[in-house]
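Chemist: Pasting run_3.tsv below, which is TSV, C-alpha atoms.
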chain	number	residue	atom	x	y	z
D	136	MET	CA	-2.57	-20.68	8.11
D	137	LYS	CA	-2.17	-17.28	6.42
D	138	ILE	CA	-5.00	-15.87	8.52
D	139	LEU	CA	-3.35	-17.13	11.72
D	140	GLN	CA	-0.01	-15.66	10.66
D	141	ARG	CA	-1.64	-12.30	9.96
D	142	GLU	CA	-3.41	-12.25	13.32
D	143	PHE	CA	-0.16	-13.17	15.10
D	144	THR	CA	1.67	-10.36	13.31
D	145	TRP	CA	-0.97	-7.82	14.35
D	146	LEU	CA	-0.85	-8.97	17.97
D	147	ARG	CA	2.95	-8.83	18.03
D	148	GLN	CA	2.99	-5.34	16.52
D	149	ALA	CA	0.34	-4.13	18.93
D	150	PHE	CA	2.27	-5.53	21.90
D	151	PHE	CA	5.55	-3.87	20.99
D	152	ALA	CA	3.86	-0.56	20.10
D	153	ARG	CA	2.54	-0.36	23.67
D	154	ILE	CA	6.04	-0.46	25.12
D	155	PRO	CA	7.30	3.15	25.15
D	156	PHE	CA	11.02	2.82	24.50
D	157	ILE	CA	11.23	6.60	24.52
D	158	LYS	CA	14.26	8.47	25.88
D	159	GLY	CA	13.45	10.18	29.13
D	160	VAL	CA	10.03	8.57	29.48
D	161	ILE	CA	10.02	5.79	32.05
D	162	SER	CA	6.37	5.42	32.97
D	163	PRO	CA	4.01	7.54	30.84
D	164	ARG	CA	0.41	7.91	31.95
D	165	LYS	CA	-2.02	5.60	30.23
D	166	TYR	CA	-5.81	5.82	30.01
D	167	ILE	CA	-7.67	2.85	28.55
D	168	SER	CA	-11.30	2.51	27.48
D	169	ASP	CA	-13.35	1.06	24.65
D	170	LYS	CA	-12.85	4.39	22.85
D	171	GLY	CA	-9.12	3.78	22.46
D	172	THR	CA	-6.04	4.22	24.63
D	173	TRP	CA	-4.38	7.55	25.43
D	174	ILE	CA	-0.71	7.49	26.40
D	175	ASN	CA	0.99	10.42	28.14
D	176	SER	CA	-2.11	12.50	27.54
D	177	SER	CA	-1.93	16.08	28.74
D	178	PHE	CA	-5.69	16.10	29.31
D	179	PRO	CA	-6.84	15.54	32.93
D	180	ASN	CA	-9.45	13.04	31.74
D	181	PRO	CA	-9.06	12.28	28.05
D	182	TYR	CA	-12.43	10.49	27.90
D	183	VAL	CA	-14.58	13.47	28.71
D	184	TYR	CA	-15.38	14.05	25.04
D	185	PRO	CA	-17.35	17.19	24.12
D	186	GLY	CA	-20.64	15.51	23.23
D	187	ASN	CA	-22.10	17.95	20.68
D	188	GLN	CA	-18.77	18.41	18.91
D	189	LEU	CA	-18.12	14.65	18.85
D	190	LEU	CA	-21.45	14.09	17.10
D	191	GLU	CA	-20.85	17.00	14.72
D	192	ILE	CA	-17.38	15.76	13.72
D	193	GLU	CA	-18.48	12.15	13.32
D	194	THR	CA	-21.48	13.17	11.21
D	195	ALA	CA	-19.39	15.48	9.01
D	196	LEU	CA	-16.60	12.94	8.43
D	197	LYS	CA	-19.07	10.21	7.46
D	198	TYR	CA	-21.23	12.50	5.33
D	199	PHE	CA	-18.30	13.76	3.24
D	200	GLY	CA	-16.80	10.27	2.91
D	201	SER	CA	-13.70	10.43	5.11
D	202	ASP	CA	-12.43	7.08	6.39
D	203	LYS	CA	-11.37	8.74	9.66
D	204	ALA	CA	-14.77	7.93	11.14
D	205	ILE	CA	-15.68	5.02	8.84
D	206	HIS	CA	-12.62	2.86	9.52
D	207	HIS	CA	-10.67	4.48	12.36
D	208	ASP	CA	-12.95	6.04	15.03
D	209	TYR	CA	-10.73	9.12	14.92
D	210	GLN	CA	-13.78	11.28	15.68
D	211	PHE	CA	-13.11	10.58	19.39
D	212	PRO	CA	-9.59	12.05	19.67
D	213	TYR	CA	-10.32	14.78	17.11
D	214	SER	CA	-13.38	16.00	19.02
D	215	LEU	CA	-11.21	16.52	22.07
D	216	LEU	CA	-8.30	18.08	20.18
D	217	ILE	CA	-10.33	20.44	18.00
D	218	ASP	CA	-12.20	21.58	21.10
D	219	GLN	CA	-8.89	23.14	22.23
D	220	ILE	CA	-8.69	25.32	19.12
D	221	LYS	CA	-9.94	28.89	19.40
D	222	SER	CA	-8.91	30.35	16.03
D	223	GLY	CA	-6.60	29.86	13.06
D	224	SER	CA	-6.45	27.64	9.99
D	225	LEU	CA	-5.88	23.94	9.31
D	226	ILE	CA	-3.49	22.06	7.01
D	227	GLU	CA	-3.96	18.41	6.09
D	228	ILE	CA	-1.51	16.40	4.01
D	229	GLY	CA	-3.29	13.60	2.16
D	230	ILE	CA	-6.37	14.67	0.21
D	231	GLY	CA	-6.89	11.08	-0.84
D	232	THR	CA	-6.30	9.46	-4.21
D	233	LYS	CA	-7.56	6.20	-5.68
D	234	ASN	CA	-4.74	6.14	-8.25
D	235	GLN	CA	-2.90	2.86	-7.70
D	236	ASN	CA	0.30	4.34	-9.17
D	237	PHE	CA	0.84	6.19	-5.89
D	238	SER	CA	1.91	4.12	-2.91
D	239	ALA	CA	-0.24	6.20	-0.56
D	240	ASN	CA	-3.67	5.65	-2.10
D	241	MET	CA	-7.13	5.02	-0.71
D	242	GLY	CA	-7.63	1.84	-2.73
D	243	TRP	CA	-10.32	1.55	-5.35
D	244	PHE	CA	-12.43	-0.74	-3.13
D	245	LEU	CA	-12.69	1.58	-0.10
D	246	LYS	CA	-15.65	3.89	0.48
D	247	GLY	CA	-13.54	6.95	1.29
D	248	LYS	CA	-13.87	9.96	-1.02
D	249	PRO	CA	-10.96	12.23	-2.05
D	250	GLY	CA	-11.19	15.52	-0.17
D	251	GLY	CA	-13.70	14.11	2.31
D	252	SER	CA	-11.92	15.18	5.48
D	253	LEU	CA	-11.08	18.66	4.09
D	254	ARG	CA	-14.77	19.26	3.41
D	255	ALA	CA	-15.64	17.90	6.85
D	256	TRP	CA	-13.20	20.22	8.65
D	257	ASN	CA	-14.48	23.14	6.57
D	258	SER	CA	-18.10	22.38	7.49
D	259	LEU	CA	-17.32	22.81	11.20
D	260	ASN	CA	-16.83	26.57	10.71
D	261	LYS	CA	-13.94	26.30	13.16
D	262	PHE	CA	-11.09	27.28	10.84
D	263	ASP	CA	-10.44	30.41	8.79
D	264	PHE	CA	-8.95	28.34	5.94
D	265	VAL	CA	-8.59	24.62	5.27
D	266	ILE	CA	-5.52	23.77	3.17
D	267	GLY	CA	-4.85	20.34	1.68
D	268	GLY	CA	-1.80	18.81	0.06
D	269	ASP	CA	-1.35	15.66	-2.01
D	270	ILE	CA	1.21	14.14	-4.37
D	271	ASP	CA	-1.54	13.48	-6.94
D	272	ASP	CA	-2.34	16.78	-8.63
D	273	LYS	CA	-5.49	15.25	-10.12
D	274	VAL	CA	-7.28	15.44	-6.76
D	275	LEU	CA	-6.55	19.15	-6.15
D	276	PHE	CA	-9.57	21.45	-5.88
D	277	THR	CA	-10.77	24.79	-4.52
D	278	ASP	CA	-14.07	25.14	-2.70
D	279	GLY	CA	-14.91	28.19	-0.60
D	280	LYS	CA	-12.31	28.40	2.18
D	281	ILE	CA	-10.59	25.20	0.97
D	282	ARG	CA	-7.29	25.51	-0.92
D	283	THR	CA	-5.16	22.58	-2.11
D	284	PHE	CA	-1.63	22.26	-3.48
D	285	GLN	CA	0.60	19.49	-4.80
D	286	VAL	CA	3.32	18.20	-2.47
D	287	ASP	CA	5.77	15.30	-2.35
D	288	GLN	CA	6.55	14.43	1.28
D	289	LEU	CA	9.88	12.86	0.39
D	290	ASP	CA	11.13	15.91	-1.52
D	291	GLU	CA	12.42	18.82	0.59
D	292	LYS	CA	12.07	21.33	-2.26
D	293	SER	CA	8.46	20.27	-2.77
D	294	LEU	CA	7.72	20.56	0.96
D	295	ASN	CA	9.29	24.01	1.04
D	296	ARG	CA	7.17	25.12	-1.95
D	297	PHE	CA	4.07	23.76	-0.26
D	298	LYS	CA	4.93	25.58	2.96
D	299	ASN	CA	5.31	28.85	1.06
D	300	LYS	CA	1.98	28.28	-0.72
D	301	CYS	CA	0.32	27.84	2.67
D	302	ILE	CA	1.88	31.07	3.96
D	303	GLU	CA	0.53	32.91	0.90
D	304	VAL	CA	-2.99	31.94	2.00
D	305	THR	CA	-2.51	32.75	5.71
D	306	ASN	CA	0.22	32.71	8.36
D	307	GLU	CA	-2.00	31.66	11.25
D	308	PHE	CA	-2.23	27.88	11.60
D	309	SER	CA	-3.61	26.19	14.69
D	310	PHE	CA	-3.97	22.59	13.44
D	311	ILE	CA	-1.88	20.42	11.10
D	312	ILE	CA	-2.64	16.80	10.13
D	313	ASP	CA	-0.28	14.40	8.33
D	314	ASP	CA	-2.47	11.75	6.70
D	315	GLY	CA	-0.39	11.34	3.58
D	316	LEU	CA	2.42	8.85	3.00
D	317	HIS	CA	2.36	6.65	6.10
D	318	ASP	CA	6.09	6.17	6.43
D	319	ALA	CA	8.50	7.36	9.13
D	320	SER	CA	10.84	9.19	6.75
D	321	ALA	CA	7.94	11.13	5.20
D	322	ASN	CA	6.35	11.89	8.58
D	323	ILE	CA	9.61	13.18	10.05
D	324	LEU	CA	10.52	15.31	7.02
D	325	THR	CA	7.02	16.78	6.75
D	326	CYS	CA	7.03	17.67	10.44
D	327	LYS	CA	10.38	19.41	9.98
D	328	TYR	CA	8.89	21.80	7.40
D	329	LEU	CA	5.31	22.24	8.61
D	330	PHE	CA	5.53	22.20	12.42
D	331	PRO	CA	7.15	25.69	12.47
D	332	LEU	CA	4.00	27.06	10.79
D	333	LEU	CA	1.95	26.35	13.93
D	334	GLN	CA	1.08	29.25	16.15
D	335	GLU	CA	1.46	29.08	19.92
D	336	ASN	CA	-0.47	26.16	21.46
D	337	GLY	CA	-1.06	24.70	17.98
D	338	ILE	CA	-1.61	20.97	17.48
D	339	TYR	CA	0.19	18.65	15.04
D	340	VAL	CA	-1.21	15.17	14.35
D	341	ILE	CA	0.40	12.25	12.51
D	342	GLU	CA	-2.12	9.57	11.54
D	343	ASP	CA	-1.98	5.82	10.87
D	344	ILE	CA	1.49	5.17	12.26
D	345	LYS	CA	2.85	1.67	11.77
D	346	PRO	CA	3.57	0.14	15.21
D	347	HIS	CA	7.21	-0.62	14.45
D	348	GLN	CA	7.78	3.01	13.36
D	349	LEU	CA	6.10	4.74	16.30
D	350	THR	CA	9.24	4.90	18.45
D	351	ILE	CA	11.34	6.19	15.55
D	352	ILE	CA	8.91	8.98	14.73
D	353	LEU	CA	8.41	9.98	18.35
D	354	ASN	CA	12.13	10.05	19.14
D	355	GLU	CA	12.89	12.19	16.09
D	356	THR	CA	10.02	14.65	16.50
D	357	LEU	CA	10.68	15.15	20.23
D	358	LYS	CA	14.10	16.56	19.36
D	359	ASN	CA	12.21	19.73	18.41
D	360	SER	CA	12.62	22.17	21.29
D	361	LYS	CA	9.32	23.86	20.40
D	362	ILE	CA	7.26	20.80	21.38
D	363	LYS	CA	5.53	21.44	24.70
D	364	ASP	CA	3.92	18.01	25.16
D	365	TRP	CA	2.89	14.93	23.26
D	366	ALA	CA	0.23	12.23	23.40
D	367	ILE	CA	-0.58	8.98	21.61
D	368	TRP	CA	-4.09	7.75	20.83
D	369	GLN	CA	-4.47	4.17	19.67
D	370	ASN	CA	-7.18	1.58	19.17
D	371	TYR	CA	-5.91	-1.80	18.03
D	372	LEU	CA	-9.41	-3.22	17.90
D	373	ARG	CA	-9.63	-1.53	14.51
D	374	SER	CA	-6.19	-2.30	13.05
D	375	PRO	CA	-2.53	-2.37	14.18
D	376	ASP	CA	-1.77	1.01	12.59
D	377	ASN	CA	-4.79	2.74	14.13
D	378	VAL	CA	-2.49	5.18	15.92
D	379	LEU	CA	-2.27	8.97	16.23
D	380	LEU	CA	0.76	10.88	17.49
D	381	ILE	CA	-0.20	14.33	18.77
D	382	LEU	CA	2.38	17.09	19.28
D	383	PHE	CA	1.54	20.28	21.17
D	384	LYS	CA	3.53	23.41	20.36
D	385	LYS	CA	4.84	25.73	23.07
What is this structure when it is put down as structure tokens?
Modeler:
Amino acid sequence: MKILQREFTWLRQAFFARIPFIKGVISPRKYISDKGTWINSSFPNPYVYPGNQLLEIETALKYFGSDKAIHHDYQFPYSLLIDQIKSGSLIEIGIGTKNQNFSANMGWFLKGKPGGSLRAWNSLNKFDFVIGGDIDDKVLFTDGKIRTFQVDQLDEKSLNRFKNKCIEVTNEFSFIIDDGLHDASANILTCKYLFPLLQENGIYVIEDIKPHQLTIILNETLKNSKIKDWAIWQNYLRSPDNVLLILFKK
């Protein structure tokens, strides 16, 4: 019975997440394939993935132990998004901790490794610097072009300190990823502080959004006048929160 209830909950969440109750958006474009669904994508054909880069990203993510490719199939949208980047640096919130005392943890039973995605992004030689942030200061490290700092996504002073630390490293950011505390309040507050760091045509990604929070996050972030366009990538064959929100800066 519990299994049936869980499956019903996932189906219900998936159904409601597909209905875009977004102000001003009546009928967004939708592209569906076995590689996930793009909604309101600004790409002419969001399934023309750059083959060599797709393989390189997937290989790097798996090699360094990131669950983005192991559990999520995020290598597909990221190969297309990163292909748009010409220069600049990357920030990712959520280095990954297995400490159960933190609500946003990788879980001791999962195969993901702390810092896996930071090392993967760095290995692409696409970014000048790769900066990571996490609430658990025990997972902070420095390795080549990788810099990491402590940050609490629910604390504005902490987010402001983190932002200033990033600026001390460089002031040219082309890509920002929020893979930290998967909660609407944290996502919205983090976007408020970090989105302004993006240079023109920069890309901001929020990962693993809970279906019932997608509308809240999208409505709040779209209030930012600097957002040029947005897109959603989702694949519910993996899990109900297998969702990315992508924001493009003007």
Chemist: For D:Leu382, find every residue with an atom within 12 Å (counting all atoms listed in the file), except residues of its own chain fewer than 6 positions away, and show them as a PyMOL selection string.
Modeler: chain D and resi 175-177+216+309-313+326+330-331+333+336-342+352-353+356-368
Chemist: Fewer than 3 positions away in the same chain doesn't count, so skip those; otherwise give me all residues within 12 Å of D:Pro212, counting all atoms listed in the file, as JSON, numbers by chain.
Modeler: {"D": [170, 171, 172, 173, 176, 178, 181, 182, 183, 184, 185, 188, 189, 192, 193, 203, 204, 207, 208, 209, 215, 216, 217, 218, 219, 340, 342, 366, 367, 368, 369, 370, 377, 378, 379, 380, 381]}
Chemist: Hey, can you check how far atom CA of D:Gln288 sits from atom CA of D:Arg373?
Modeler: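 Computing the Euclidean distance for atom CA of D:Gln288 and atom CA of D:Arg373 yields 26.3 Å.
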Chemist: So that I can check the surroundings of stretch 271-283 of chain D, please list as a CSV table (one decimal) with C-alpha atoms, keeping the file's coordinate frame every protein, DNA and RNA residue that reaches within 9 Å of it, counting only C-alpha atoms and ignoring chain neighbours fewer than 4 positions away.
Modeler:
chain,number,residue,atom,x,y,z
D,230,ILE,CA,-6.4,14.7,0.2
D,231,GLY,CA,-6.9,11.1,-0.8
D,232,THR,CA,-6.3,9.5,-4.2
D,234,ASN,CA,-4.7,6.1,-8.2
D,237,PHE,CA,0.8,6.2,-5.9
D,249,PRO,CA,-11.0,12.2,-2.0
D,250,GLY,CA,-11.2,15.5,-0.2
D,253,LEU,CA,-11.1,18.7,4.1
D,254,ARG,CA,-14.8,19.3,3.4
D,257,ASN,CA,-14.5,23.1,6.6
D,262,PHE,CA,-11.1,27.3,10.8
D,263,ASP,CA,-10.4,30.4,8.8
D,264,PHE,CA,-9.0,28.3,5.9
D,265,VAL,CA,-8.6,24.6,5.3
D,266,ILE,CA,-5.5,23.8,3.2
D,267,GLY,CA,-4.8,20.3,1.7
D,287,ASP,CA,5.8,15.3,-2.4
D,301,CYS,CA,0.3,27.8,2.7
D,304,VAL,CA,-3.0,31.9,2.0
Chemist: Calculate how many Å separate atom CA of D:Gln285 from atom CA of D:Lys300, rounding to one decimal.
Modeler: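 Computing the Euclidean distance for atom CA of D:Gln285 and atom CA of D:Lys300 yields 9.8 Å.
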Chemist: Quote the spacing between atom CA of D:Ile344 and atom CA of D:Asp376 in Å to one decimal place.
Modeler: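 Atom CA of D:Asp376 lies 5.3 Å from atom CA of D:Ile344.
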Chemist: Would you list the contacts of stretch 289-293 of chain D as a PyMOL selection string, taking every protein, DNA or RNA residue within 10 Å and counting all atoms listed in the file, but skipping same-chain residues closer than 2 positions in sequence?
Modeler: chain D and resi 270+285-287+295-299+316+318+320-325+327-328
Chemist: Nearest to D:Gly315: which of D:Glu303, D:Asn354, D:Gly229, D:Ser168 is it, counting all atoms listed in the file?
Modeler: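 Counting all atoms listed in the file, the residue closest to D:Gly315 is D:Gly229.
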Chemist: Taking into account only C-alpha atoms, which residue in the set D:Lys248, D:Lys221, D:His317, D:Lys261 is nearest to D:Pro346?
Modeler: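 Ranking D:Lys248, D:Lys221, D:His317, D:Lys261 by distance to D:Pro346, first place goes to D:His317.
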